[in-house]
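Comments concern the structure below.
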Amino acid sequence: MPQDTKRINGPEISTSYHIHEENNRQPFEERLNQAIGGKNKRKDGRNFSESRKYFLKVGVVSTAKGSAYIELGNTKAIVSVFDPREIPKQSKYCALGELYCDFKFSPFASHLRKTPQSDTRGRSLAAALASALNPAVCRHLFPNLQLDVFANVLEDDGSVLAAVITAAGLALADACIPMFDIVTATTAGILGDRILVDPTAEEESLCMEGFTRDNHGIVMLAKLPTLDQVPEIRHSGSVSVETLWRACTRLNAACTEQVPIVQHVLVSKVKSRLAEIDVESDDEGEGDGEAPDVKSEKPDEDTSEDR
């Protein structure tokens with residue numbers, strides 16, 4: 001691939017400024033006490049089973065068939081869905097349509113600068129996104145066709161995959177793609193006997209660095225609430241079976257709590273669209289009406305003289 005000549009490259013020998021941060025100079029236990037205080041409270045005041053506030057909006061990308069924007073605390077992402085098209089380089093007939101998912105991070109999404117090219121993490125998250133969306137879409141209705149789903153993370157502050165899956169389900173519904181059910185997802189961080197629902201980036205880092213404990217890791221669960229099915233579970237770390245079961249139980253309840261929020265966004269979108277259709281029909285009705293008769297009268301002769 002040709003080199004980007006417009007980008008200013010750093011020196012060949014340099015030191016990352018992240019090693020001078022206070023968090024990197026503190027031991028693990030001190031950082032854990034700062035992030036998770038006593039009385040089952042986190043730094044931002046949430047309980048272990050409490051999620052951050054959601055903000056959802058659909059129809060944010062004008063060039064896409066459907067789109068959605070999500071804010072989960074400081075985590076921000078945009079998902080766009082485009083019209084079905086023929087599967088490229090497909091020589092045989094495919095009875096079920098396919099979902100092509102692209103998962104990318106903006107260069108400024110995290111502390112470490114991301115490259116414009118897709119990396120291993122992006123491809124892995126794209127595969128998980130496709131696995132979560134495939135059971136929800138009626139792929140048999142568009143055989144030999146492909147749906148393109150593009151996710152762009154603007155800011156990564158933890159639980160990014162769960163936020164993108166929820167936004168992707170909204171974007172598919174906004175694009176009027178036939179679906180069996182909406183999709184919701186939630187992430188949990190496991191650190192010892194603590195199960196942190198919707199962890200931040202700092203808490204995720206602690207959960208992955210807690211190698212001295214028996215249970216540590218991150219679990220993501222996606223759910224189809226109406227069908228009561230789980231299309232995708234993603235786990236990383238070392239977690240016992242009992243702890244994993246307790247985490248999935250909490251995630252199942254957290255996904256159910258998101259359903260009214262997603263339904264409210266979709267209903268608001270439909271109501272606004274119906275209002276626009278009513279206004280357009282009223283304007284057309286006024287335009288089709290007969291114009292009133294206007295009598296033309298001969299203007300009076302100007303008797304004034306120029307002086």
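The chains in the structure tokens are called A, B, ... from first to last as shown; in each chain the residues are counted from 1, and the ligands are counted from 1 in the order shown.
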inquiry  = Which residues are close to Lys92 in chain A, i.e. within 10 Å by only C-alpha atoms, leaving aside same-chain residues fewer than 3 positions away? Reply as a list in words.
reply    =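 These residues fall inside the cut-off: Lys89, Ala95 and Asn144 of chain A.
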ask   = Running DSSP on the backbone, which parts of range 83-278 of chain A land in helix (DSSP H, G or I), as a VMD selection string?
value = chain A and resid 120 to 136 139 to 141 160 to 174 201 to 209 241 to 278
key: Test item, strand (DSSP E) assignment across range 14-120 of chain A, answer as an MDAnalysis selection string   = chainID A and resid 54:58 66:72 75:81 85:86 98:105
inquiry  = From the options A:Glu202, A:Asp278, A:Glu155, A:Asp174, which residue's atoms come nearest to Ala64 in chain A, counting only C-alpha atoms?
reply    =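 Smallest separation from Ala64 in chain A among the options: A:Asp174.
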task = Compile the contact shell of Ser124 in chain A as a VMD selection string: residues with an atom at most 12 Å away, counting only C-alpha atoms, same-chain residues fewer than 2 positions apart removed.
result = chain A and resid 101 to 104 118 to 122 126 to 131 161 234
Can you spit out the residues from that selection as a short mmCIF file (atom, residue, chain, number, x, y, z; two decimals), in the first residue's frame, using N, CA, C and O atoms?
```
data_model
loop_
_atom_site.label_atom_id
_atom_site.label_comp_id
_atom_site.auth_asym_id
_atom_site.auth_seq_id
_atom_site.Cartn_x
_atom_site.Cartn_y
_atom_site.Cartn_z
N CYS A 101 -20.06 -6.54 7.40
CA CYS A 101 -19.88 -5.60 8.50
C CYS A 101 -18.45 -5.08 8.51
O CYS A 101 -17.50 -5.86 8.40
N ASP A 102 -18.33 -3.78 8.63
CA ASP A 102 -17.03 -3.12 8.71
C ASP A 102 -16.98 -2.33 10.01
O ASP A 102 -17.87 -1.52 10.29
N PHE A 103 -15.95 -2.59 10.80
CA PHE A 103 -15.83 -2.01 12.14
C PHE A 103 -14.50 -1.26 12.19
O PHE A 103 -13.44 -1.87 12.09
N LYS A 104 -14.58 0.05 12.33
CA LYS A 104 -13.37 0.86 12.35
C LYS A 104 -13.43 1.87 13.49
O LYS A 104 -14.50 2.29 13.92
N SER A 118 -7.77 -1.18 8.61
CA SER A 118 -8.37 -2.10 9.58
C SER A 118 -7.30 -3.02 10.16
O SER A 118 -6.43 -3.53 9.44
N ASP A 119 -7.36 -3.23 11.47
CA ASP A 119 -6.39 -4.09 12.14
C ASP A 119 -7.06 -5.37 12.61
O ASP A 119 -8.22 -5.65 12.29
N THR A 120 -6.33 -6.15 13.37
CA THR A 120 -6.86 -7.43 13.84
C THR A 120 -8.06 -7.23 14.75
O THR A 120 -9.05 -7.98 14.66
N ARG A 121 -7.99 -6.25 15.63
CA ARG A 121 -9.12 -6.01 16.54
C ARG A 121 -10.36 -5.60 15.78
O ARG A 121 -11.47 -6.06 16.08
N GLY A 122 -10.20 -4.74 14.77
CA GLY A 122 -11.36 -4.31 13.99
C GLY A 122 -12.01 -5.46 13.25
O GLY A 122 -13.25 -5.57 13.20
N ALA A 126 -15.75 -6.88 13.88
CA ALA A 126 -16.67 -6.94 12.74
C ALA A 126 -17.30 -8.33 12.63
O ALA A 126 -18.50 -8.46 12.33
N ALA A 127 -16.51 -9.37 12.87
CA ALA A 127 -17.06 -10.73 12.84
C ALA A 127 -18.08 -10.94 13.95
O ALA A 127 -19.13 -11.57 13.75
N ALA A 128 -17.80 -10.41 15.15
CA ALA A 128 -18.76 -10.51 16.24
C ALA A 128 -20.04 -9.72 15.94
O ALA A 128 -21.15 -10.16 16.28
N LEU A 129 -19.90 -8.57 15.30
CA LEU A 129 -21.07 -7.77 14.92
C LEU A 129 -21.94 -8.53 13.92
O LEU A 129 -23.18 -8.55 14.04
N ALA A 130 -21.32 -9.15 12.93
CA ALA A 130 -22.08 -9.93 11.95
C ALA A 130 -22.78 -11.13 12.60
O ALA A 130 -23.93 -11.44 12.27
N SER A 131 -22.11 -11.79 13.53
CA SER A 131 -22.72 -12.93 14.22
C SER A 131 -23.93 -12.52 15.05
O SER A 131 -24.90 -13.27 15.17
N LEU A 161 -18.29 -2.61 21.69
CA LEU A 161 -18.96 -3.60 20.85
C LEU A 161 -20.45 -3.68 21.16
O LEU A 161 -21.28 -3.74 20.24
N ARG A 234 -19.53 -13.07 23.69
CA ARG A 234 -18.10 -12.88 23.46
C ARG A 234 -17.41 -12.78 24.82
O ARG A 234 -17.81 -11.95 25.65
#
```
Go through range 105-177 of chain A residue by residue and, counting only C-alpha atoms, keep those with an atom at most 12 Å from range 243-264 of chain A; for each kept residue give the shortest atom pair and its distance in Å to one decimal, ordered by chain and increasing number, as JSON lines.
```
{"residue": "A:Ala162", "atom": "CA", "partner": "A:Cys255", "partner_atom": "CA", "distance": 9.9}
{"residue": "A:Ala163", "atom": "CA", "partner": "A:Gln258", "partner_atom": "CA", "distance": 11.1}
{"residue": "A:Ile165", "atom": "CA", "partner": "A:Cys255", "partner_atom": "CA", "distance": 11.5}
{"residue": "A:Thr166", "atom": "CA", "partner": "A:Val262", "partner_atom": "CA", "distance": 8.4}
{"residue": "A:Ala167", "atom": "CA", "partner": "A:Val262", "partner_atom": "CA", "distance": 9.2}
{"residue": "A:Ala168", "atom": "CA", "partner": "A:Val262", "partner_atom": "CA", "distance": 11.4}
{"residue": "A:Gly169", "atom": "CA", "partner": "A:Val262", "partner_atom": "CA", "distance": 9.1}
{"residue": "A:Leu170", "atom": "CA", "partner": "A:Val262", "partner_atom": "CA", "distance": 7.3}
{"residue": "A:Ala171", "atom": "CA", "partner": "A:Val262", "partner_atom": "CA", "distance": 11.0}
{"residue": "A:Ala173", "atom": "CA", "partner": "A:Val262", "partner_atom": "CA", "distance": 10.4}
{"residue": "A:Asp174", "atom": "CA", "partner": "A:Val262", "partner_atom": "CA", "distance": 11.5}
```
message = Could you check the closest approach to Phe142 in chain A for each of A:Ile277, A:Ala201, A:Ala35, A:Ile87 and tell me which residue wins, using only C-alpha atoms?
response = A:Ile87
key: Contact residues around Phe82 in chain A with only C-alpha atoms at 7 Å, ignoring same-chain residues under 2 positions, as a PyMOL selection string   = chain A and resi 64-66+80+84+147-149
request  = Just give me the gap between CA of Pro107 in chain A and CA of Thr200 in chain A in Å, one decimal is fine.
outcome  =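 One can read the CA of Pro107 in chain A to CA of Thr200 in chain A distance as 19.2 Å.
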query = What is the distance between CA of Met208 in chain A and CA of Val79 in chain A, in Å to one decimal?
reply = 27.1 Å
task = Would you list the contacts of Pro231 in chain A as a PyMOL selection string, taking every protein, DNA or RNA residue within 8 Å and counting only C-alpha atoms, but skipping same-chain residues closer than 2 positions in sequence?
result = chain A and resi 131-133+135+222-224+229+233
key: Atomic distance CA of Leu72 in chain A - CA of Tyr54 in chain A, expressed in Å with one decimal   =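 About the pair CA of Leu72 in chain A and CA of Tyr54 in chain A: they are 5.0 Å apart.
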key: Contacts of range 188-198 of chain A within 6 Å, only C-alpha atoms, excl. fewer than 4 positions in-chain, as a PyMOL selection string   = chain A and resi 48-49+51+207+213+215-219
